[in-house]
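Heads up: the structure comes next, in structure tokens.
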Amino acid sequence: MDVKYRQHLPGIVLLFGLAVVAVFLRSSSELFVPVAQDLDFAFRLMIAGTVIAVIRNELGMSTFGVFGPVILSFSWVIIGPFWGFIVIAYIFLITALARVAISELDLGTAHRVASLLVVAAIGLFVLEAAGQLQNIPPLQAVILFPVVLTTWYAERFVGSLSESGWVPATRRLAATLLSITAAFLIITYEPLVTLVIRSPELWVGLVAINILLGSVTDTRLGEYLRFSTLRRSLGKENAGNVLTMRVRNREFIGKYNPTAVMAEFNKAKMKKTLHGLSIPTPATYLIAEDESDFDELRTLLETQDTFAIKPIDGSGGRDVLAVRGRDGETGDFLTNRGQLTTDEIVAHTRNICVGGVSDYGARREALVEGFITPDGMLANRTTGGVPDLRVITLFGFPVMSMVRLPTEESNGTANIHTGAVAVAVDIATGTASGGYQQTHDAFIDTHPDTGADLEFTIPDWEEILTTASQAAIASGLGYTGVDIVFDEDDGPMVLEVNRRPGLGIQNANMDGLLHRLRYIEAHSDPDQFQSASNRVRRAQEWARQDWTTRIHAPTDNELPSEVGV
């Protein structure tokens, strides 16, 4: 049986079964229509769910989930859009302010969320009381579940501010409100709701539409806009070379990153692997999880002045604490969060393990590792933070690379989503040629803070790529993004191996990833026994030929040679 047919067979069976039910209901419409009209909310919900799915998947707008906007849009049907918005804004505001007020108390997730629910309950009481005393019926019909959802939105919004900054967090909140409004407008269009209620075949159609759109949509509208300049640069005939999130997830992450490896893959396992294979990586001092580990951390702090603490499963720099030394007078630690005492650093680590980034009480681990003192080659181009090199690899073959330079806008992080500058680095030569700042959709020749030139060449380039290839191979993942930092004493070191590397690197390089990845798929054998250095040499030769000429597989002792396509 064809693989794709077998993959879609369960969905086909589901649709067939629903179609049979629809035929039966259509033949008995005089019996089911009155019941359906009494349960009109169910049909509004199915319409709203489809609307939110289209907004997220086809338009590419990031919202706080699907269920939340659907339920909130339905609550607007009950109490009206004006009062519905007022209630959401009111509950969101008071719980967000409460979240900010307790954010530095290291309460842990369970008590933090419980505190916010208490605040929301008090707010709900005030609304209900005002509704009764002022005879405002909509305020007397406030639904509890939407209030709880709004409280969760406030919790996630304030939490995401530290992860990604104001702009991405606000954009996501705005997209959520827009999706709620769009869903409300559609599910209150009575002719449409009536048509769906009376047409069971449309119920099947909604399922089919969601399955179809979920299967065939490779590029979202948001991605068209995000990569519009790149697409114009590539031209109409090559616009399809741009890698989109759905294609990345389905064709590369889902295909080449084994589920078992993905499930167990974290910073701790990666560090153990890299240390065991003598692949250069920052020193690992401690992996903390429980109270005994916190006691060991206190002992470590007595002798260690520089280090970094980060969540094992964290991403985007969330809750990372960088300790650069001690204050000569107070003895307090100098960190990216200001001066902290030993107790405060231990509290931060405990918060990582039993709160903070933990998902509603789930235990996590915190990694304590060596502090990176950036090498002058990149550090002199920034005002602070740790610059790094991101190398995308497939089967250990380097595909595309960029240097990420922190800025004041990115608060010293190398996250391009928050304002860091992405500088394209040629795989073949290690030459950097100008930067791209995603938050401004602008190409620049100098660093926005320091004015430093963004054209330079990274020394020992082939050796650095070989290190990235070794790390990718060791991870067991087929498709990765390897992050390399440059320490002034220890040189290039692997900071992290990412299992879901982002797509912004394409704008920095003004080239699409997809055609390079397809080329490697066509001209390499992932099961072939090849050294990392050989894979690097082959990839560099492919890059020199602009990923269009077939290269004969060489031995480890010879450079690749060109043959006809």
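Identifiers in this document derive from the order of the structure tokens: chains are assigned A, B, ..., residues are numbered from 1 separately in each chain, and ligands are numbered from 1 in order of occurrence.
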Next item on the list: Just the strand (DSSP E or B) stuff from range 187-336 of chain A, please, per backbone DSSP, written as a list in words.
Entry: Thr284, Tyr285, Leu286, Ile287, Ala288, Phe307, Ala308, Ile309, Lys310, Pro311, Leu321, Ala322, Val323, Arg324, Gly325, Arg326, Phe333, Leu334, Thr335 and Asn336 of chain A
Check: Neighbours of Thr418 in chain A within 9 Å (only C-alpha atoms; same-chain residues fewer than 3 positions away dropped), as a list in words?
Finding: Ser164, Gly165, Trp166, Val167, Pro168, Glu409, Ser410, Asn411, Thr413, Ala414, Asn415, Gln438 and Thr439 of chain A
Just N, CA and C atoms for this one: save the residues we selected as an mmCIF file, in the first residue's frame.
data_model
loop_
_atom_site.group_PDB
_atom_site.id
_atom_site.type_symbol
_atom_site.label_atom_id
_atom_site.label_comp_id
_atom_site.auth_asym_id
_atom_site.auth_seq_id
_atom_site.Cartn_x
_atom_site.Cartn_y
_atom_site.Cartn_z
ATOM 1 N N SER A 164 10.683 36.855 25.543
ATOM 2 C CA SER A 164 10.835 37.389 24.195
ATOM 3 C C SER A 164 10.732 38.900 24.097
ATOM 4 N N GLY A 165 10.378 39.570 25.192
ATOM 5 C CA GLY A 165 10.271 41.014 25.154
ATOM 6 C C GLY A 165 8.853 41.495 24.855
ATOM 7 N N TRP A 166 8.681 42.830 24.889
ATOM 8 C CA TRP A 166 7.360 43.422 24.743
ATOM 9 C C TRP A 166 6.738 43.187 23.381
ATOM 10 N N VAL A 167 7.522 43.352 22.338
ATOM 11 C CA VAL A 167 6.938 43.312 20.996
ATOM 12 C C VAL A 167 6.323 41.956 20.667
ATOM 13 N N PRO A 168 7.080 40.819 20.775
ATOM 14 C CA PRO A 168 6.456 39.523 20.453
ATOM 15 C C PRO A 168 5.291 39.185 21.384
ATOM 16 N N GLU A 409 18.705 46.484 22.211
ATOM 17 C CA GLU A 409 17.295 46.136 22.020
ATOM 18 C C GLU A 409 17.007 44.709 22.473
ATOM 19 N N SER A 410 17.939 43.793 22.239
ATOM 20 C CA SER A 410 17.734 42.387 22.621
ATOM 21 C C SER A 410 18.136 42.122 24.064
ATOM 22 N N ASN A 411 18.452 43.202 24.807
ATOM 23 C CA ASN A 411 18.858 43.073 26.215
ATOM 24 C C ASN A 411 20.056 42.153 26.399
ATOM 25 N N THR A 413 20.947 39.558 24.687
ATOM 26 C CA THR A 413 20.810 38.162 24.277
ATOM 27 C C THR A 413 21.072 38.048 22.780
ATOM 28 N N ALA A 414 21.378 36.829 22.338
ATOM 29 C CA ALA A 414 21.635 36.596 20.910
ATOM 30 C C ALA A 414 20.381 36.107 20.198
ATOM 31 N N ASN A 415 19.220 36.492 20.694
ATOM 32 C CA ASN A 415 17.947 36.064 20.120
ATOM 33 C C ASN A 415 17.509 37.067 19.050
ATOM 34 N N GLN A 438 15.913 41.421 12.305
ATOM 35 C CA GLN A 438 14.564 40.937 12.026
ATOM 36 C C GLN A 438 13.497 41.841 12.610
ATOM 37 N N THR A 439 13.740 42.406 13.789
ATOM 38 C CA THR A 439 12.713 43.227 14.428
ATOM 39 C C THR A 439 12.422 44.496 13.649
#
Item checked: A:Val13, A:Leu144, A:Val66, A:Ile187 ranked by distance to Ile47 in chain A, top pick (using only C-alpha atoms) ->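 Closest to Ile47 in chain A, using only C-alpha atoms: A:Ile187.
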Note to self: For a test of reading the model, state the distance in Å between CA of Glu251 in chain A and CA of Tyr479 in chain A, rounded to one decimal.
What the structure shows: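 These two atoms are separated by 10.1 Å.
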Notebook entry, point to check: Within 12 Å of Val23 in chain A, counting only C-alpha atoms, which residues qualify if same-chain residues fewer than 6 places away don't, as a VMD selection string?
Noted result: chain A and resid 16 to 17 29 199 to 204
Output N, CA and C atoms of each residue in that selection to a file, as a PDB file, in the first residue's frame.
ATOM      1  N   PHE A  16     -15.727   8.988   6.107  1.00  0.00           N
ATOM      2  CA  PHE A  16     -16.770   8.093   5.590  1.00  0.00           C
ATOM      3  C   PHE A  16     -17.805   7.806   6.670  1.00  0.00           C
ATOM      4  N   GLY A  17     -17.322   7.525   7.889  1.00  0.00           N
ATOM      5  CA  GLY A  17     -18.247   7.252   8.986  1.00  0.00           C
ATOM      6  C   GLY A  17     -19.129   8.454   9.292  1.00  0.00           C
ATOM      7  N   SER A  29     -34.425  14.605   9.166  1.00  0.00           N
ATOM      8  CA  SER A  29     -34.213  15.999   9.554  1.00  0.00           C
ATOM      9  C   SER A  29     -35.320  16.537  10.455  1.00  0.00           C
ATOM     10  N   SER A 199     -27.825  21.427   8.177  1.00  0.00           N
ATOM     11  CA  SER A 199     -27.118  20.700   7.117  1.00  0.00           C
ATOM     12  C   SER A 199     -26.047  19.793   7.709  1.00  0.00           C
ATOM     13  N   PRO A 200     -26.395  18.573   8.061  1.00  0.00           N
ATOM     14  CA  PRO A 200     -25.400  17.673   8.660  1.00  0.00           C
ATOM     15  C   PRO A 200     -24.224  17.382   7.743  1.00  0.00           C
ATOM     16  N   GLU A 201     -24.443  17.522   6.413  1.00  0.00           N
ATOM     17  CA  GLU A 201     -23.308  17.317   5.516  1.00  0.00           C
ATOM     18  C   GLU A 201     -22.230  18.394   5.719  1.00  0.00           C
ATOM     19  N   LEU A 202     -22.663  19.587   6.188  1.00  0.00           N
ATOM     20  CA  LEU A 202     -21.683  20.636   6.471  1.00  0.00           C
ATOM     21  C   LEU A 202     -20.850  20.308   7.705  1.00  0.00           C
ATOM     22  N   TRP A 203     -21.392  19.496   8.610  1.00  0.00           N
ATOM     23  CA  TRP A 203     -20.600  19.080   9.769  1.00  0.00           C
ATOM     24  C   TRP A 203     -19.406  18.262   9.291  1.00  0.00           C
ATOM     25  N   VAL A 204     -19.713  17.358   8.365  1.00  0.00           N
ATOM     26  CA  VAL A 204     -18.634  16.557   7.778  1.00  0.00           C
ATOM     27  C   VAL A 204     -17.685  17.462   7.000  1.00  0.00           C
TER      28      VAL A 204
END
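For range 48-61 of chain A, the non-local neighbours within 8 Å, defined as residues at least 3 positions apart in the same chain or in other chains and counting only C-alpha atoms, are A:Arg44, A:Leu45, A:Val66, A:Phe67, A:Pro69, A:Val70, A:Ser73, A:Arg172, A:Ala175, A:Ser179, A:Ile180, A:Ala182, A:Ala183, A:Phe184, A:Ile186, A:Ile187, A:Leu206, A:Asn210, A:Leu213, A:Gly214, A:Thr217, A:Thr219, A:Arg220, A:Leu221, A:Gly222, A:Glu223.
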Check: Do you know which residues are at most 7 Å from Leu514 in chain A counting only C-alpha atoms, after dropping those on the same chain fewer than 4 positions away, and could you put them as a list of chain:residue names?
Finding: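 In the requested form, the answer reads A:Asn241, A:Val242, A:Leu243, A:Arg518.
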Next item on the list: Between CA of His440 in chain A and CA of Phe227 in chain A, measure the distance and give it in Å to one decimal.
Entry: 13.1 Å
